[in-house]
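**Student:** I'd like to ask some things about the structure below.
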Amino acid sequence: MEMVIQHVCQRYPNQFYYDNWTSMFSNNILGTKVDTRTVHPLVFFLENIPEDFMFVQEDPETGLYVLRAGVSTSAVGWNISQKIGKPLNRIHGPVPDYKEKMEFSMDRYFSKMTCDKPIQRGSWGLEVGEPLFLQTDEAEWQARQMQDPELSLSDIYLRVDWQILRRLPKTRAIVFDFKALFTPITDFRREPYIPKLVLKVLLEGNKSIMEYKGTRHVEHKIVPILREWAQEQEEKGLVPKDWEERTLDEDPFYPGWKDHYPMHA
């Protein structure tokens, strides 16, 4: 909790403030104050920090890392009650090829992870609207199994969960936190190379992975328009016609992204 407080107060000094004398945390967005000496850390995260936090610790008997605690309000297709108390291999059970290709390396990586080397990655999906928390027993989940012929492009979004893994220095637990961000797929039209890259992933990506991501419910709308935008970018000279899809040098961004978001220039 101390690390999170330090970060948000430094990164957003107008929104958050911490009084070192009284241990009071001020959330100027919500107009609230909380005594950090008495509040439970998970409650603090839930009420003040717009990210999900999961904590895994090594089981001394098995050596496997097990989910011991967490707060999650941004889960799609799963929830904490399904994962708590389980080791990594059972947490990732539904993930295609995890057992065959990733289980051993993930367990080994967690055991060797140091406090000074956090890692960041992005996990993406395509959604109708901006569902932040969606469970499999909800009507919206069932709609993901169908293709709506009336679906509008303006209702389709790229969701990216920006994830960070970090080992804590005192408890040696590993904290996994992520924040979901949504981008309208109509933005792809002005982003060089992106339509062609996304199209290749949708058409040629690992079939089991694509089924796990659940993109079929929007493919009937997004595939034709991506083809159109990719051709348009080539005709405008934004993308060479002989360019072959690959990871961009600007990854995870794209050429010219600062012109679209001048606040970062």
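Each chain in the structure tokens gets a letter, A, B, ..., in the order shown, and its residues are numbered from 1; ligands are numbered from 1 in order too.
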Please report as a tab-separated table every residue of segment 171-220 of chain A lying within 12 Å of segment 96-116 of chain A, along with the nearest atom pair and their distance in Å (one decimal), using only C-alpha atoms.

**Tutor:**
residue	atom	partner	partner_atom	distance
A:Thr171	CA	A:Cys115	CA	10.9
A:Arg172	CA	A:Cys115	CA	8.3
A:Ala173	CA	A:Phe110	CA	9.8
A:Ile174	CA	A:Phe110	CA	7.9
A:Val175	CA	A:Cys115	CA	10.7
A:Phe176	CA	A:Phe110	CA	11.4
A:Asn206	CA	A:Pro96	CA	9.6
A:Lys207	CA	A:Pro96	CA	9.6
A:Ser208	CA	A:Pro96	CA	6.2
A:Ile209	CA	A:Pro96	CA	6.1
A:Met210	CA	A:Pro96	CA	9.6
A:Glu211	CA	A:Pro96	CA	9.2
A:Tyr212	CA	A:Pro96	CA	7.3
A:Lys213	CA	A:Pro96	CA	10.1

**Student:** Determine, counting only C-alpha atoms, which protein, DNA and RNA residues have an atom within 10 Å of an atom of segment 126-134 of chain A; residues of the same chain fewer than 5 positions away are not included. Present the result as a count of residues only.

**Tutor:** 38

**Student:** With only C-alpha atoms as the basis for distance, which of A:Tyr12, A:Gln135, A:Pro192, A:Ser123 is at the shortest distance from Glu235 of chain A?

**Tutor:**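 Using only C-alpha atoms, the shortest distance to Glu235 of chain A belongs to A:Pro192.
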
**Student:** Any idea what the distance is between atom CA of Ile119 of chain A and atom CA of Asp251 of chain A?

**Tutor:**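 Straight-line distance from atom CA of Ile119 of chain A to atom CA of Asp251 of chain A works out to 15.4 Å.
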
**Student:** When DSSP works through the backbone of this structure, what residues of segment 53-220 of chain A end up as strand (DSSP E), shown as an NGL selection string?

**Tutor:** :A and (53-58 or 65-71 or 119-128 or 156-167 or 174-184)

**Student:** Atom CA of Thr32 of chain A and atom CA of Asn48 of chain A are how many Å apart?

**Tutor:**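 Computed distance, atom CA of Thr32 of chain A to atom CA of Asn48 of chain A, equals 9.2 Å.
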
**Student:** In terms of the shortest atom-to-atom distance over only C-alpha atoms, which of A:Asp177, A:Asp187, A:Glu204, A:Asp52 is closest to Trp257 of chain A?

**Tutor:**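 Using only C-alpha atoms, the shortest distance to Trp257 of chain A belongs to A:Asp187.
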
**Student:** So how far away is atom CA of Gly93 of chain A from atom CA of Val66 of chain A, in Å?

**Tutor:** 13.6 Å

**Student:** Within 12 Å of Glu2 of chain A, counting only C-alpha atoms, which residues show up once you throw out same-chain ones fewer than 4 positions away? Write them as an mmCIF file with C-alpha atoms, in the first residue's frame, please.

**Tutor:**
data_model
loop_
_atom_site.group_PDB
_atom_site.id
_atom_site.type_symbol
_atom_site.label_atom_id
_atom_site.label_comp_id
_atom_site.auth_asym_id
_atom_site.auth_seq_id
_atom_site.Cartn_x
_atom_site.Cartn_y
_atom_site.Cartn_z
ATOM 1 C CA GLN A 6 3.860 7.067 -2.995
ATOM 2 C CA HIS A 7 3.315 6.510 -6.710
ATOM 3 C CA VAL A 8 -0.114 8.141 -7.077
ATOM 4 C CA CYS A 9 0.873 11.155 -4.978
ATOM 5 C CA TYR A 18 -0.502 12.041 1.765
ATOM 6 C CA ASN A 20 3.336 12.129 6.608
ATOM 7 C CA SER A 23 -0.882 9.264 7.850
ATOM 8 C CA PHE A 25 -4.541 10.027 2.513
ATOM 9 C CA THR A 36 -3.934 4.603 6.328
ATOM 10 C CA ARG A 37 -3.021 3.295 9.786
ATOM 11 C CA PRO A 41 -4.983 -2.311 2.234
ATOM 12 C CA PHE A 44 -7.961 1.142 0.358
ATOM 13 C CA PHE A 45 -7.260 -0.133 -3.161
ATOM 14 C CA LEU A 168 7.380 -6.956 -2.819
ATOM 15 C CA PRO A 169 10.548 -6.554 -0.728
ATOM 16 C CA LYS A 170 9.196 -7.447 2.733
#

**Student:** Just checking: using only C-alpha atoms, which residue out of A:Asp161, A:Trp229, A:Arg167, A:Arg11 ends up closest to Glu58 of chain A?

**Tutor:** A:Arg167

**Student:** Between A:Arg166, A:Lys117, A:Arg246, A:His260, which one has atoms that come closest to Glu191 of chain A, using only C-alpha atoms?

**Tutor:**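 Closest candidate: A:His260.
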
**Student:** With only C-alpha atoms as the atoms that count, which of A:Val223, A:Leu64, A:Ile29, A:Leu248 lies nearest to Ile194 of chain A?

**Tutor:** A:Leu248

**Student:** I want to know what sits within 10 Å of Trp243 of chain A, based on only C-alpha atoms, with residues of the same chain fewer than 6 positions away left out; could you give that as a list in words?

**Tutor:**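 Listing them by chain and then by number gives Tyr193, Lys196 and Glu234 of chain A.
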
**Student:** As a ChimeraX atom specification, please: all residues of segment 75-243 of chain A that backbone DSSP puts in alpha helix (DSSP H).

**Tutor:** /A:80-83,88-91,103-112,139-143,194-204,207-213,216-235

**Student:** Given only C-alpha atoms as the basis, pick out the residue of A:Ala230, A:Ile164, A:Leu88, A:Met1 nearest to Gly63 of chain A.

**Tutor:**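 Under the stated criterion, the closest residue is A:Leu88.
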